[in-house]
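The structure file structure24.txt is reproduced below (compact mmCIF, C-alpha atoms).
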```
# COMPACT_ATOMS: atom_id res chain seq x y z
CA MET A 300 101.29 27.18 -50.62
CA SER A 301 103.77 29.11 -48.48
CA ALA A 302 103.47 28.88 -44.71
CA LEU A 303 102.35 32.51 -44.64
CA GLU A 304 99.38 31.56 -46.81
CA HIS A 305 98.09 29.05 -44.25
CA PRO A 306 94.46 30.09 -43.61
CA GLY A 307 94.99 30.63 -39.86
CA ILE A 308 98.10 32.75 -40.38
CA ARG A 309 96.43 34.66 -43.24
CA LYS A 310 93.47 35.63 -41.01
CA VAL A 311 95.86 36.94 -38.36
CA ALA A 312 97.94 38.83 -40.95
CA ASP A 313 94.77 40.42 -42.33
CA ALA A 314 93.80 41.58 -38.80
CA LEU A 315 97.19 43.19 -38.14
CA PRO A 316 98.54 46.49 -39.42
CA PRO A 317 100.60 45.78 -42.58
CA ALA A 318 103.92 46.67 -40.90
CA THR A 319 103.22 44.13 -38.15
CA ALA A 320 101.86 41.47 -40.52
CA ASP A 321 105.09 41.72 -42.51
CA ARG A 322 106.98 40.66 -39.37
CA ILE A 323 105.18 37.34 -38.88
CA VAL A 324 107.78 34.62 -38.46
CA VAL A 325 107.13 31.00 -39.34
CA LEU A 326 109.38 28.81 -37.21
CA PRO A 327 110.67 25.35 -38.16
CA ASP A 328 109.20 23.81 -35.00
CA ALA A 329 105.93 24.32 -33.16
CA VAL A 330 106.12 26.63 -30.14
CA ARG A 331 103.12 25.55 -28.08
CA THR A 332 104.54 26.88 -24.80
CA ALA A 333 105.83 30.27 -23.71
CA ALA A 334 109.22 28.73 -22.91
CA ALA A 335 109.52 27.22 -26.39
CA ALA A 336 108.45 30.48 -28.05
CA ALA A 337 110.88 32.52 -25.97
CA GLN A 338 113.75 30.23 -26.84
CA ALA A 339 112.85 30.25 -30.55
CA VAL A 340 112.81 34.06 -30.84
CA GLY A 341 115.51 34.80 -28.27
CA VAL A 342 113.56 36.74 -25.64
CA GLN A 343 112.69 36.36 -21.96
CA VAL A 344 109.70 34.11 -21.32
CA GLY A 345 107.86 37.09 -19.81
CA ALA A 346 107.87 38.82 -23.22
CA ILE A 347 105.66 36.08 -24.67
CA ALA A 348 101.94 36.91 -24.70
CA ASN A 349 100.15 33.66 -23.96
CA SER A 350 96.68 33.61 -25.50
CA LEU A 351 94.56 31.69 -23.02
CA VAL A 352 90.96 31.02 -23.95
CA PHE A 353 88.57 30.47 -21.08
CA ALA A 354 84.85 29.86 -20.79
CA ALA A 355 83.48 32.72 -18.69
CA VAL A 356 80.30 31.45 -17.08
CA ARG A 357 77.62 34.00 -16.27
CA ASP A 358 74.13 32.86 -15.23
CA GLY A 359 74.88 29.37 -16.52
CA GLU A 360 75.94 30.55 -19.99
CA ALA A 361 79.56 30.15 -21.16
CA ALA A 362 81.10 32.84 -23.35
CA PRO A 363 84.68 32.99 -24.63
CA LEU A 364 87.18 35.07 -22.70
CA LEU A 365 90.70 35.66 -23.99
CA VAL A 366 93.34 36.36 -21.37
CA LEU A 367 96.66 37.56 -22.75
CA THR A 368 99.12 36.82 -19.99
CA SER A 369 102.86 37.10 -19.75
CA GLY A 370 104.59 33.78 -20.29
CA ALA A 371 106.16 34.31 -16.87
CA HIS A 372 102.77 34.18 -15.11
CA ARG A 373 99.81 31.88 -14.68
CA ALA A 374 96.36 33.39 -14.86
CA ASP A 375 94.44 33.17 -11.59
CA THR A 376 90.97 32.12 -12.72
CA SER A 377 89.28 33.33 -9.52
CA LEU A 378 90.88 36.75 -9.91
CA VAL A 379 89.97 36.88 -13.61
CA ALA A 380 86.37 35.84 -12.88
CA ALA A 381 86.03 38.71 -10.42
CA LEU A 382 87.57 41.13 -12.95
CA VAL A 383 85.04 40.27 -15.64
CA GLY A 384 82.02 39.71 -13.43
CA ALA A 385 81.74 35.99 -14.16
CA ASP A 386 80.46 33.33 -11.82
CA ALA A 387 83.43 31.19 -12.89
CA VAL A 388 86.21 31.16 -15.44
CA LYS A 389 87.12 27.70 -16.69
CA ARG A 390 89.78 26.46 -19.09
CA ALA A 391 88.12 25.91 -22.46
CA ASP A 392 88.33 22.61 -24.29
CA PRO A 393 89.89 22.43 -27.78
CA GLU A 394 86.51 22.46 -29.56
CA PHE A 395 85.37 25.59 -27.70
CA VAL A 396 88.67 27.31 -28.52
CA ARG A 397 88.44 26.41 -32.22
CA GLU A 398 84.78 27.44 -32.41
CA HIS A 399 85.41 30.91 -31.02
CA THR A 400 88.88 31.69 -32.38
CA GLY A 401 89.09 29.62 -35.56
CA GLN A 402 92.53 28.58 -34.29
CA VAL A 403 94.05 25.62 -32.46
CA ILE A 404 95.43 25.60 -28.95
CA GLY A 405 99.14 26.38 -29.15
CA GLY A 406 98.62 28.81 -32.00
CA VAL A 407 95.82 31.07 -30.76
CA SER A 408 96.53 34.65 -31.70
CA PRO A 409 95.21 37.74 -29.94
CA VAL A 410 93.52 38.68 -33.25
CA GLY A 411 92.00 37.13 -36.36
CA HIS A 412 88.97 35.51 -34.74
CA PRO A 413 85.58 35.09 -36.44
CA ALA A 414 84.02 37.60 -34.00
CA PRO A 415 85.40 39.90 -31.28
CA ILE A 416 86.19 38.15 -28.00
CA GLU A 417 86.17 39.82 -24.60
CA THR A 418 89.86 40.24 -23.79
CA VAL A 419 91.91 40.95 -20.68
CA VAL A 420 95.58 41.92 -21.09
CA ASP A 421 98.07 41.18 -18.33
CA GLU A 422 99.53 44.52 -17.22
CA SER A 423 102.90 42.88 -16.60
CA LEU A 424 103.37 42.67 -20.38
CA SER A 425 103.76 46.47 -20.30
CA GLY A 426 107.26 45.97 -18.88
CA TYR A 427 108.57 44.69 -22.23
CA GLU A 428 109.47 46.90 -25.16
CA GLU A 429 108.61 44.10 -27.58
CA ILE A 430 106.13 41.27 -27.01
CA TRP A 431 105.76 38.14 -29.12
CA ALA A 432 102.36 36.57 -29.76
CA ALA A 433 101.09 33.56 -31.68
CA ALA A 434 100.00 34.17 -35.26
CA GLY A 435 97.20 31.65 -35.73
CA HIS A 436 99.34 28.52 -36.04
CA PRO A 437 101.68 26.69 -33.61
CA HIS A 438 104.66 27.51 -35.87
CA ALA A 439 103.91 31.22 -36.33
CA VAL A 440 104.59 34.25 -34.11
CA TYR A 441 104.85 37.99 -34.50
CA PRO A 442 106.34 40.86 -32.51
CA THR A 443 104.22 43.71 -31.24
CA THR A 444 104.10 46.27 -28.46
CA PHE A 445 101.94 46.37 -25.35
CA ALA A 446 100.11 49.46 -26.61
CA ASP A 447 99.39 47.84 -29.98
CA LEU A 448 98.27 44.60 -28.32
CA VAL A 449 95.77 46.48 -26.18
CA ALA A 450 94.57 48.64 -29.08
CA LEU A 451 94.16 45.75 -31.54
CA THR A 452 92.27 43.54 -29.11
CA GLY A 453 90.26 46.24 -27.37
CA GLY A 454 91.50 44.48 -24.27
CA ARG A 455 91.12 45.58 -20.69
CA ILE A 456 94.43 45.98 -18.85
CA ALA A 457 94.49 44.18 -15.51
CA VAL A 458 96.49 42.14 -13.05
CA VAL A 459 95.68 38.52 -13.95
CA SER A 460 97.91 36.62 -11.53
CA ALA A 461 98.05 36.72 -7.76
```

Give the structure from this file in structure tokens form.
Amino acid sequence: MSALEHPGIRKVADALPPATADRIVVLPDAVRTAAAAAQAVGVQVGAIANSLVFAAVRDGEAAPLLVLTSGAHRADTSLVAALVGADAVKRADPEFVREHTGQVIGGVSPVGHPAPIETVVDESLSGYEEIWAAAGHPHAVYPTTFADLVALTGGRIAVVSA
């Protein structure tokens, strides 16, 4: 089986437009951090779209929340909670991430999940002509644009860091 046929990568490729799916890159080493991904593809760390999965707690119930933030920023969970009307936004554990995305931490893509996930997109990503995102596996990434990232995820554009 080729790396592009890995089930996680295949689900992401199927969720992307064909021209974007054809640009998925499988790297020799895992890129679990924005810095590692930026170095591997030769871009500024800010051009990496980190896919951060949180548990947004509303009335005691936790629902998945995907925050796509620039690799140059850290998401402010209090700010994000206020943006989405949650009582709290907490970092999700690996099981919660896998349950809601079908992917592992370090390889979570903005797309290719079993069901749509509420998504917030860091407006600072709009400053980059090309953005790189994970493709469903820690070794896989793909290039996209800010406009396509927002359109594909149905994400809400917002400031996510203070």

Task: Which residue of A:Val410, A:Val419, A:Val366, A:Ile456 approaches Asp313 (chain A) most closely, using all atoms listed in the file - done: A:Val410

TODO: Rank A:Val459, A:Ala314, A:Ile404, A:Ala439 by their smallest atom-to-atom distance to Thr418 (chain A), using all atoms listed in the file, and report the top residue only.
DONE: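 Smallest distance to Thr418 (chain A) is found for A:Val459.
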
TODO: Provide the CA of Val352 (chain A) to CA of Ile308 (chain A) distance in Å, to one decimal place.
DONE: 18.0 Å

- [ ] Dump as a list in words all residues having an atom at most 12 Å from (98.2, 37.0, -46.1), computed in the file's coordinates with all atoms listed in the file.
- [x]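 Every residue inside that radius is included here: Met300, Ser301, Ala302, Leu303, Glu304, His305, Pro306, Gly307, Ile308, Arg309, Lys310, Val311, Ala312, Asp313, Ala314, Leu315, Pro316, Pro317, Thr319, Ala320, Asp321, Arg322, Ile323, Gly411, Ala434 and Gly435 of chain A.
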
Task: Residue among A:Leu367, A:Leu424, A:Ala414, A:Ala355 lying closest to Ala391 (chain A), counting all atoms listed in the file - done: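 Of all the options, A:Ala355 lies closest to Ala391 (chain A).
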
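The residue that comes closest to Ala387 (chain A), out of A:Glu422, A:Asp447, A:Glu417, A:Glu360 and on the basis of only C-alpha atoms, is A:Glu360.
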
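In this structure, CA of Leu451 (chain A) sits 12.4 Å away from CA of Ala432 (chain A).
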
TODO: Have a look at A:Thr368, A:Gln338, A:Ser425, A:Thr376 and name the one nearest to Ala354 (chain A); count only C-alpha atoms.
DONE: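 Nearest to Ala354 (chain A): A:Thr376.
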